[in-house]
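Heads up, the thing below is written out as structure tokens.
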Amino acid sequence: MFISCTLKPSPEPSNTEALAAVVADALQERGVTVEHVRLADLDVKPGVQTDMGAGDAWPGVHDRLLDAEILVVVTPTWLGRPSSIAQRMLERMDAMLSETADDGTPVAYNRVAGVVVTGNEDGAHHVISEIGGALGDIGYTVPGQAWTYWNQGPGPGAEYPDTEHGHEWSHSTGRLMAHNLHAVATALAAHPVPPPPGS
């Protein structure tokens, strides 16, 4: 499941989703079924519970998260930080810390996650570490090198679709990301993390 945290509602094109498509294609080549959700198209209420009441679109996203073995968070960089929508997503996922399966296993266990970031200024590694760290707290397994990013460099400049600058590196890193996510998800499916002691 690819969750896009672009600030742009559909049908506006997203630079970060364009890079994420490289990762999605590489996963599909490995037989993975991929779906995409753009949170800017949904009414995701603020809060830290799974269901914030009437009109809240997050419960449907949450259900799809629990159906997915692989999560890829897709976000632009704004002022050196994840988008505000990415932060809201993490706040809503906070409720997953206390949710368990029938055997006591936290619901995010035995699922893997990675991050795709774009931005015209520095900050991609900071964004990756913020989101990756939060997903680890929630219970996801974040494999090594399960990320890719594209960065034009300091100051204003061309956007990702408008230049070939850096694409070769970003794409090869994205294909490696897909390889690592698939490999670790396959390993966890074969040998899942058991429920915590005493659960």
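Order determines the names: the first chain of the structure tokens is A, the second B, and so forth; residues in each chain are numbered 1 upward, and ligands are numbered 1 upward as they are shown.
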
Nearby residues (only C-alpha atoms) at most 12 Å from Asp162 in chain A, same-chain spacing under 3 positions excluded, as a VMD selection string: chain A and resid 15 18 152 157 to 159 165 to 167

In range 14-58 of chain A, DSSP helix (DSSP H, G or I) residues written as a PyMOL selection string: chain A and resi 15-29+39-41+58

Selection near range 70-79 of chain A, 8 Å with only C-alpha atoms, sequence-local residues under 2 positions removed, as a ChimeraX atom specification: /A:1-6,15-17,20,65,68,81-83,86,111-121,123-124,127,181-182,185

DSSP-assigned strand (DSSP E or B) among range 60-147 of chain A, expressed as a PyMOL selection string: chain A and resi 70-78+81-82+100+106+112-119+141+147

Let me see the file: selected residues, N, CA and C atoms, as a CSV table (one decimal), in the first residue's frame.
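Output saved as selection_39.csv:
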chain,number,residue,atom,x,y,z
A,70,ILE,N,3.1,-4.6,3.1
A,70,ILE,CA,4.1,-3.6,2.8
A,70,ILE,C,3.5,-2.2,2.7
A,71,LEU,N,4.0,-1.3,3.5
A,71,LEU,CA,3.6,0.1,3.4
A,71,LEU,C,4.7,1.0,2.9
A,72,VAL,N,4.4,1.8,1.9
A,72,VAL,CA,5.3,2.8,1.5
A,72,VAL,C,4.7,4.2,1.7
A,73,VAL,N,5.3,5.0,2.5
A,73,VAL,CA,4.9,6.4,2.8
A,73,VAL,C,5.6,7.3,1.8
A,74,VAL,N,4.8,8.1,1.1
A,74,VAL,CA,5.3,9.0,0.0
A,74,VAL,C,5.0,10.4,0.4
A,75,THR,N,6.1,11.2,0.6
A,75,THR,CA,5.9,12.6,1.0
A,75,THR,C,6.9,13.6,0.4
A,76,PRO,N,6.4,14.8,0.1
A,76,PRO,CA,7.4,15.8,-0.2
A,76,PRO,C,8.0,16.4,1.0
A,77,THR,N,9.1,17.2,0.8
A,77,THR,CA,9.7,17.9,1.9
A,77,THR,C,9.3,19.3,1.9
A,78,TRP,N,8.8,19.9,3.0
A,78,TRP,CA,8.5,21.3,3.1
A,78,TRP,C,9.2,21.8,4.3
A,81,ARG,N,10.9,19.3,6.4
A,81,ARG,CA,10.2,18.4,7.3
A,81,ARG,C,9.2,17.7,6.4
A,82,PRO,N,8.6,16.5,6.9
A,82,PRO,CA,7.5,15.9,6.2
A,82,PRO,C,6.3,16.8,6.0
A,100,THR,N,-4.2,-4.9,18.8
A,100,THR,CA,-3.6,-6.2,18.7
A,100,THR,C,-4.5,-7.2,18.0
A,106,PRO,N,0.8,-7.1,18.2
A,106,PRO,CA,0.5,-5.8,17.8
A,106,PRO,C,0.2,-5.8,16.3
A,112,VAL,N,6.2,-4.6,6.8
A,112,VAL,CA,7.4,-3.8,6.5
A,112,VAL,C,7.0,-2.4,6.0
A,113,ALA,N,7.9,-1.5,6.1
A,113,ALA,CA,7.6,-0.1,5.6
A,113,ALA,C,8.8,0.6,5.1
A,114,GLY,N,8.6,1.5,4.2
A,114,GLY,CA,9.7,2.3,3.6
A,114,GLY,C,9.1,3.7,3.3
A,115,VAL,N,10.0,4.5,2.8
A,115,VAL,CA,9.7,6.0,2.6
A,115,VAL,C,10.2,6.4,1.3
A,116,VAL,N,9.4,7.2,0.6
A,116,VAL,CA,9.9,7.9,-0.7
A,116,VAL,C,9.7,9.4,-0.4
A,117,VAL,N,10.7,10.2,-0.8
A,117,VAL,CA,10.7,11.6,-0.5
A,117,VAL,C,11.2,12.4,-1.7
A,118,THR,N,10.7,13.6,-2.0
A,118,THR,CA,11.2,14.5,-2.9
A,118,THR,C,11.2,15.9,-2.3
A,119,GLY,N,12.1,16.7,-2.9
A,119,GLY,CA,12.1,18.1,-2.4
A,119,GLY,C,13.3,18.9,-3.1
A,141,THR,N,8.4,-3.2,10.7
A,141,THR,CA,9.8,-3.5,10.5
A,141,THR,C,10.2,-2.6,9.3
A,147,TRP,N,14.3,3.1,1.4
A,147,TRP,CA,13.9,4.4,1.1
A,147,TRP,C,14.6,4.9,-0.2

Selected residue, from A:Trp169, A:Met177, A:Ala187, A:Ala134, that lies nearest to Ala146 in chain A when counting only C-alpha atoms: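 Going through A:Trp169, A:Met177, A:Ala187, A:Ala134 one by one, the smallest distance to Ala146 in chain A is for A:Met177.
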
Point-to-point distance in Å for CA of Ala108 in chain A and CA of Ile131 in chain A: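 The value is 14.6 Å.
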
Closest of A:Arg92, A:Leu97, A:Gly80, A:Glu168 to His126 in chain A - atom-to-atom distances counting only C-alpha atoms: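 Closest residue, counting only C-alpha atoms: A:Gly80.
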
Shell around Gly31 in chain A at 12 Å using only C-alpha atoms, local window under 6 positions removed, as a list of chain:residue names: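 The contact residues come out as A:Ala24, A:Asp25, A:Ala178, A:His179, A:His182, A:Thr186.
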
Write the selection just made, keeping C-alpha atoms, as a PDB file, in the first residue's frame?
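The result, written out as out31.pdb:
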ATOM      1  CA  ALA A  24       5.715   0.348  -7.261  1.00  0.00           C
ATOM      2  CA  ASP A  25       6.804  -1.009 -10.657  1.00  0.00           C
ATOM      3  CA  ALA A 178      11.615  -2.559  -3.452  1.00  0.00           C
ATOM      4  CA  HIS A 179      14.010  -5.526  -3.338  1.00  0.00           C
ATOM      5  CA  HIS A 182       9.953  -7.647  -0.661  1.00  0.00           C
ATOM      6  CA  THR A 186       8.742 -12.616   2.493  1.00  0.00           C
TER       7      THR A 186
END

Asp56 in chain A surroundings by only C-alpha atoms, 8 Å radius, close-in-sequence under 3 positions cut, as a ChimeraX atom specification: /A:43-45,51-53,59

Selected residue, from A:Ile138, A:Val48, A:Ala26, A:Ala54, that lies nearest to Asn110 in chain A when counting only C-alpha atoms: A:Ile138

For CA of Asn151 in chain A and CA of Ser14 in chain A, the interatomic separation in Å (one decimal):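 Separation of CA of Asn151 in chain A and CA of Ser14 in chain A: 14.5 Å.
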
Pick from A:Asp94, A:Asp67, A:Val184, A:Lys8, whichever lies nearest to Thr50 in chain A using only C-alpha atoms: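 Once distances to Thr50 in chain A are computed over only C-alpha atoms, the minimum belongs to A:Asp94.
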
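Of the listed residues (A:Glu164, A:Glu130, A:Glu29, A:Asp137), A:Glu130 comes nearest to Gln87 in chain A; the distances count only C-alpha atoms.
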